[in-house]
file target20.pdb (PDB, C-alpha atoms, pLDDT in the B column)
ATOM      1  CA  MET J   9     -51.554 -50.595-136.089  1.00 96.00           C
ATOM      2  CA  MET J  10     -51.368 -52.689-139.220  1.00 98.00           C
ATOM      3  CA  LEU J  11     -54.312 -53.344-141.515  1.00 98.00           C
ATOM      4  CA  ARG J  12     -54.538 -56.006-144.204  1.00 98.00           C
ATOM      5  CA  GLY J  13     -57.028 -56.148-147.028  1.00 98.00           C
ATOM      6  CA  THR J  14     -57.530 -55.472-150.692  1.00 98.00           C
ATOM      7  CA  MET J  15     -56.844 -52.439-152.854  1.00 98.00           C
ATOM      8  CA  GLU J  16     -58.911 -51.557-155.910  1.00 98.00           C
ATOM      9  CA  VAL J  17     -58.173 -48.988-158.594  1.00 97.00           C
ATOM     10  CA  LEU J  18     -61.374 -47.081-159.413  1.00 95.00           C
ATOM     11  CA  THR J  19     -61.466 -45.158-162.665  1.00 91.00           C
ATOM     12  CA  ASP J  20     -65.213 -44.496-162.985  1.00 95.00           C
ATOM     13  CA  ALA J  21     -66.339 -40.860-163.172  1.00 95.00           C
ATOM     14  CA  ALA J  22     -68.556 -41.013-160.064  1.00 97.00           C
ATOM     15  CA  SER J  23     -65.711 -42.186-157.802  1.00 96.00           C
ATOM     16  CA  LYS J  24     -63.278 -39.672-159.247  1.00 97.00           C
ATOM     17  CA  GLU J  25     -65.692 -36.748-158.901  1.00 97.00           C
ATOM     18  CA  MET J  26     -66.635 -37.747-155.340  1.00 96.00           C
ATOM     19  CA  ILE J  27     -63.180 -36.960-153.926  1.00 96.00           C
ATOM     20  CA  TRP J  28     -62.022 -34.239-156.349  1.00 97.00           C
ATOM     21  CA  HIS J  29     -61.282 -30.874-154.708  1.00 96.00           C
ATOM     22  CA  ASP J  30     -60.580 -27.450-156.135  1.00 95.00           C
ATOM     23  CA  GLY J  31     -56.832 -27.107-156.370  1.00 96.00           C
ATOM     24  CA  ASP J  32     -56.212 -30.720-157.371  1.00 97.00           C
ATOM     25  CA  GLU J  33     -55.439 -29.363-160.853  1.00 96.00           C
ATOM     26  CA  GLN J  34     -52.002 -28.611-159.409  1.00 97.00           C
ATOM     27  CA  TYR J  35     -51.312 -32.357-159.507  1.00 96.00           C
ATOM     28  CA  TYR J  36     -53.633 -33.366-162.358  1.00 96.00           C
ATOM     29  CA  PRO J  37     -53.715 -30.529-164.927  1.00 96.00           C
ATOM     30  CA  GLY J  38     -56.340 -32.363-166.997  1.00 96.00           C
ATOM     31  CA  GLY J  39     -58.819 -32.119-164.135  1.00 96.00           C
ATOM     32  CA  VAL J  40     -61.055 -34.954-163.028  1.00 96.00           C
ATOM     33  CA  THR J  41     -60.756 -36.548-166.482  1.00 95.00           C
ATOM     34  CA  ASP J  42     -56.929 -36.552-166.435  1.00 95.00           C
ATOM     35  CA  PRO J  43     -55.825 -40.052-167.521  1.00 93.00           C
ATOM     36  CA  ASN J  44     -53.271 -40.169-164.684  1.00 94.00           C
ATOM     37  CA  TYR J  45     -55.931 -39.529-162.017  1.00 96.00           C
ATOM     38  CA  CYS J  46     -57.597 -42.489-160.297  1.00 95.00           C
ATOM     39  CA  VAL J  47     -59.038 -43.406-156.908  1.00 97.00           C
ATOM     40  CA  LEU J  48     -57.602 -46.142-154.714  1.00 97.00           C
ATOM     41  CA  LYS J  49     -60.145 -47.972-152.556  1.00 98.00           C
ATOM     42  CA  PHE J  50     -58.784 -49.964-149.609  1.00 98.00           C
ATOM     43  CA  THR J  51     -61.053 -52.490-147.893  1.00 98.00           C
ATOM     44  CA  ALA J  52     -59.601 -53.797-144.632  1.00 98.00           C
ATOM     45  CA  THR J  53     -60.218 -57.424-143.678  1.00 98.00           C
ATOM     46  CA  ASP J  54     -58.149 -57.757-140.508  1.00 98.00           C
ATOM     47  CA  GLY J  55     -55.470 -56.073-138.472  1.00 98.00           C
ATOM     48  CA  ARG J  56     -53.023 -56.169-135.617  1.00 98.00           C
ATOM     49  CA  PHE J  57     -51.855 -53.725-132.957  1.00 97.00           C
ATOM     50  CA  TYR J  58     -49.844 -53.722-129.744  1.00 96.00           C
ATOM     51  CA  SER J  59     -51.302 -52.905-126.347  1.00 95.00           C
ATOM     52  CA  ASP J  60     -49.292 -53.190-123.121  1.00 94.00           C
ATOM     53  CA  PHE J  61     -46.470 -54.847-125.109  1.00 93.00           C
ATOM     54  CA  TYR J  62     -48.815 -57.613-126.265  1.00 96.00           C
ATOM     55  CA  PRO J  63     -49.865 -58.110-129.911  1.00 97.00           C
ATOM     56  CA  ARG J  64     -53.599 -58.207-130.521  1.00 97.00           C
ATOM     57  CA  SER J  65     -55.201 -59.339-133.760  1.00 97.00           C
ATOM     58  CA  PHE J  66     -58.725 -58.621-134.933  1.00 97.00           C
ATOM     59  CA  VAL J  67     -61.004 -59.403-137.862  1.00 98.00           C
ATOM     60  CA  ILE J  68     -63.141 -56.763-139.537  1.00 97.00           C
ATOM     61  CA  GLU J  69     -66.573 -58.059-140.479  1.00 92.00           C
TER      62      GLU J  69
END
call {"tool": "encode", "arguments": {"input": "target20.pdb", "output": "structure tokens"}}
result
Amino acid sequence: MMLRGTMEVLTDAASKEMIWHDGDEQYYPGGVTDPNYCVLKFTATDGRFYSDFYPRSFVIE
């Protein structure tokens, strides 16, 4: 399956805190406020997959 869409970089505190888990300090020593920590938000618009050797496309509304 392939998805196409847009990617956003979210740096607001609410988004960062929403997905933060204990132990993530291993990768971001500064915690949820580490300047290297951000959230990527992907919004799919359409896609394509193969079924029975035939490509099928679809739109996500």
call {"tool": "resolve_selection", "arguments": {"input": "target20.pdb", "expression": "the PyMOL selection byres ((chain J and resi 56) around 9)", "output": "PDB file with C-alpha atoms, in the coordinates of the input"}}
result
ATOM      1  CA  MET J   9     -51.554 -50.595-136.089  1.00 96.00           C
ATOM      2  CA  MET J  10     -51.368 -52.689-139.220  1.00 98.00           C
ATOM      3  CA  LEU J  11     -54.312 -53.344-141.515  1.00 98.00           C
ATOM      4  CA  ARG J  12     -54.538 -56.006-144.204  1.00 98.00           C
ATOM      5  CA  ASP J  54     -58.149 -57.757-140.508  1.00 98.00           C
ATOM      6  CA  GLY J  55     -55.470 -56.073-138.472  1.00 98.00           C
ATOM      7  CA  PHE J  57     -51.855 -53.725-132.957  1.00 97.00           C
ATOM      8  CA  TYR J  58     -49.844 -53.722-129.744  1.00 96.00           C
ATOM      9  CA  PRO J  63     -49.865 -58.110-129.911  1.00 97.00           C
ATOM     10  CA  ARG J  64     -53.599 -58.207-130.521  1.00 97.00           C
ATOM     11  CA  SER J  65     -55.201 -59.339-133.760  1.00 97.00           C
ATOM     12  CA  PHE J  66     -58.725 -58.621-134.933  1.00 97.00           C
ATOM     13  CA  VAL J  67     -61.004 -59.403-137.862  1.00 98.00           C
TER      14      VAL J  67
END
call {"tool": "atom_distance", "arguments": {"input": "target20.pdb", "atom1": "CA of His29 (chain J)", "atom2": "CA of Met15 (chain J)"}}
result
22.1 Å
call {"tool": "residues_around", "arguments": {"input": "target20.pdb", "residues": "region 36-43 of chain J", "least_positions_apart": "5", "cutoff": "12 Å", "atoms": "only C-alpha atoms", "output": "PyMOL selection string"}}
result
chain J and resi 19-31
call {"tool": "axis_aligned_box", "arguments": {"input": "target20.pdb", "around": "region 29-47 of chain J", "padding_each_side": "8 Å", "output": "AutoDock Vina command-line options"}}
result
--center_x -56.3 --center_y -35.3 --center_z -161.1 --size_x 26.0 --size_y 32.3 --size_z 28.8
call {"tool": "residues_near_point", "arguments": {"input": "target20.pdb", "point": "(-55.9, -50.2, -156.0)", "cutoff": "12 Å", "atoms": "only C-alpha atoms", "output": "PDB file with C-alpha atoms, in the frame of the given file"}}
result
ATOM      1  CA  GLY J  13     -57.028 -56.148-147.028  1.00 98.00           C
ATOM      2  CA  THR J  14     -57.530 -55.472-150.692  1.00 98.00           C
ATOM      3  CA  MET J  15     -56.844 -52.439-152.854  1.00 98.00           C
ATOM      4  CA  GLU J  16     -58.911 -51.557-155.910  1.00 98.00           C
ATOM      5  CA  VAL J  17     -58.173 -48.988-158.594  1.00 97.00           C
ATOM      6  CA  LEU J  18     -61.374 -47.081-159.413  1.00 95.00           C
ATOM      7  CA  THR J  19     -61.466 -45.158-162.665  1.00 91.00           C
ATOM      8  CA  CYS J  46     -57.597 -42.489-160.297  1.00 95.00           C
ATOM      9  CA  VAL J  47     -59.038 -43.406-156.908  1.00 97.00           C
ATOM     10  CA  LEU J  48     -57.602 -46.142-154.714  1.00 97.00           C
ATOM     11  CA  LYS J  49     -60.145 -47.972-152.556  1.00 98.00           C
ATOM     12  CA  PHE J  50     -58.784 -49.964-149.609  1.00 98.00           C
ATOM     13  CA  THR J  51     -61.053 -52.490-147.893  1.00 98.00           C
TER      14      THR J  51
END
call {"tool": "build_atoms", "arguments": {"input": "target20.pdb", "residues": "region 13-26 of chain J", "atoms": "N, CA and C atoms", "output": "short mmCIF file (atom, residue, chain, number, x, y, z; two decimals), in the frame of the given file"}}
result
data_model
loop_
_atom_site.label_atom_id
_atom_site.label_comp_id
_atom_site.auth_asym_id
_atom_site.auth_seq_id
_atom_site.Cartn_x
_atom_site.Cartn_y
_atom_site.Cartn_z
N GLY J 13 -55.80 -56.12 -146.25
CA GLY J 13 -57.03 -56.15 -147.03
C GLY J 13 -56.73 -56.10 -148.50
N THR J 14 -57.67 -55.55 -149.24
CA THR J 14 -57.53 -55.47 -150.69
C THR J 14 -57.56 -54.01 -151.15
N MET J 15 -56.88 -53.77 -152.26
CA MET J 15 -56.84 -52.44 -152.85
C MET J 15 -57.42 -52.54 -154.26
N GLU J 16 -58.32 -51.62 -154.57
CA GLU J 16 -58.91 -51.56 -155.91
C GLU J 16 -58.56 -50.22 -156.54
N VAL J 17 -58.38 -50.22 -157.84
CA VAL J 17 -58.17 -48.99 -158.59
C VAL J 17 -59.50 -48.65 -159.26
N LEU J 18 -60.09 -47.51 -158.86
CA LEU J 18 -61.37 -47.08 -159.41
C LEU J 18 -61.12 -45.98 -160.43
N THR J 19 -61.66 -46.15 -161.61
CA THR J 19 -61.47 -45.16 -162.66
C THR J 19 -62.80 -44.60 -163.17
N ASP J 20 -63.91 -44.98 -162.54
CA ASP J 20 -65.21 -44.50 -162.99
C ASP J 20 -65.39 -43.03 -162.58
N ALA J 21 -66.15 -42.30 -163.36
CA ALA J 21 -66.34 -40.86 -163.17
C ALA J 21 -66.93 -40.53 -161.81
N ALA J 22 -67.90 -41.30 -161.34
CA ALA J 22 -68.56 -41.01 -160.06
C ALA J 22 -67.56 -41.06 -158.90
N SER J 23 -66.71 -42.07 -158.87
CA SER J 23 -65.71 -42.19 -157.80
C SER J 23 -64.70 -41.06 -157.87
N LYS J 24 -64.26 -40.73 -159.08
CA LYS J 24 -63.28 -39.67 -159.25
C LYS J 24 -63.84 -38.31 -158.85
N GLU J 25 -65.08 -38.04 -159.22
CA GLU J 25 -65.69 -36.75 -158.90
C GLU J 25 -66.01 -36.63 -157.41
N MET J 26 -66.27 -37.77 -156.75
CA MET J 26 -66.64 -37.75 -155.34
C MET J 26 -65.52 -37.17 -154.46
#
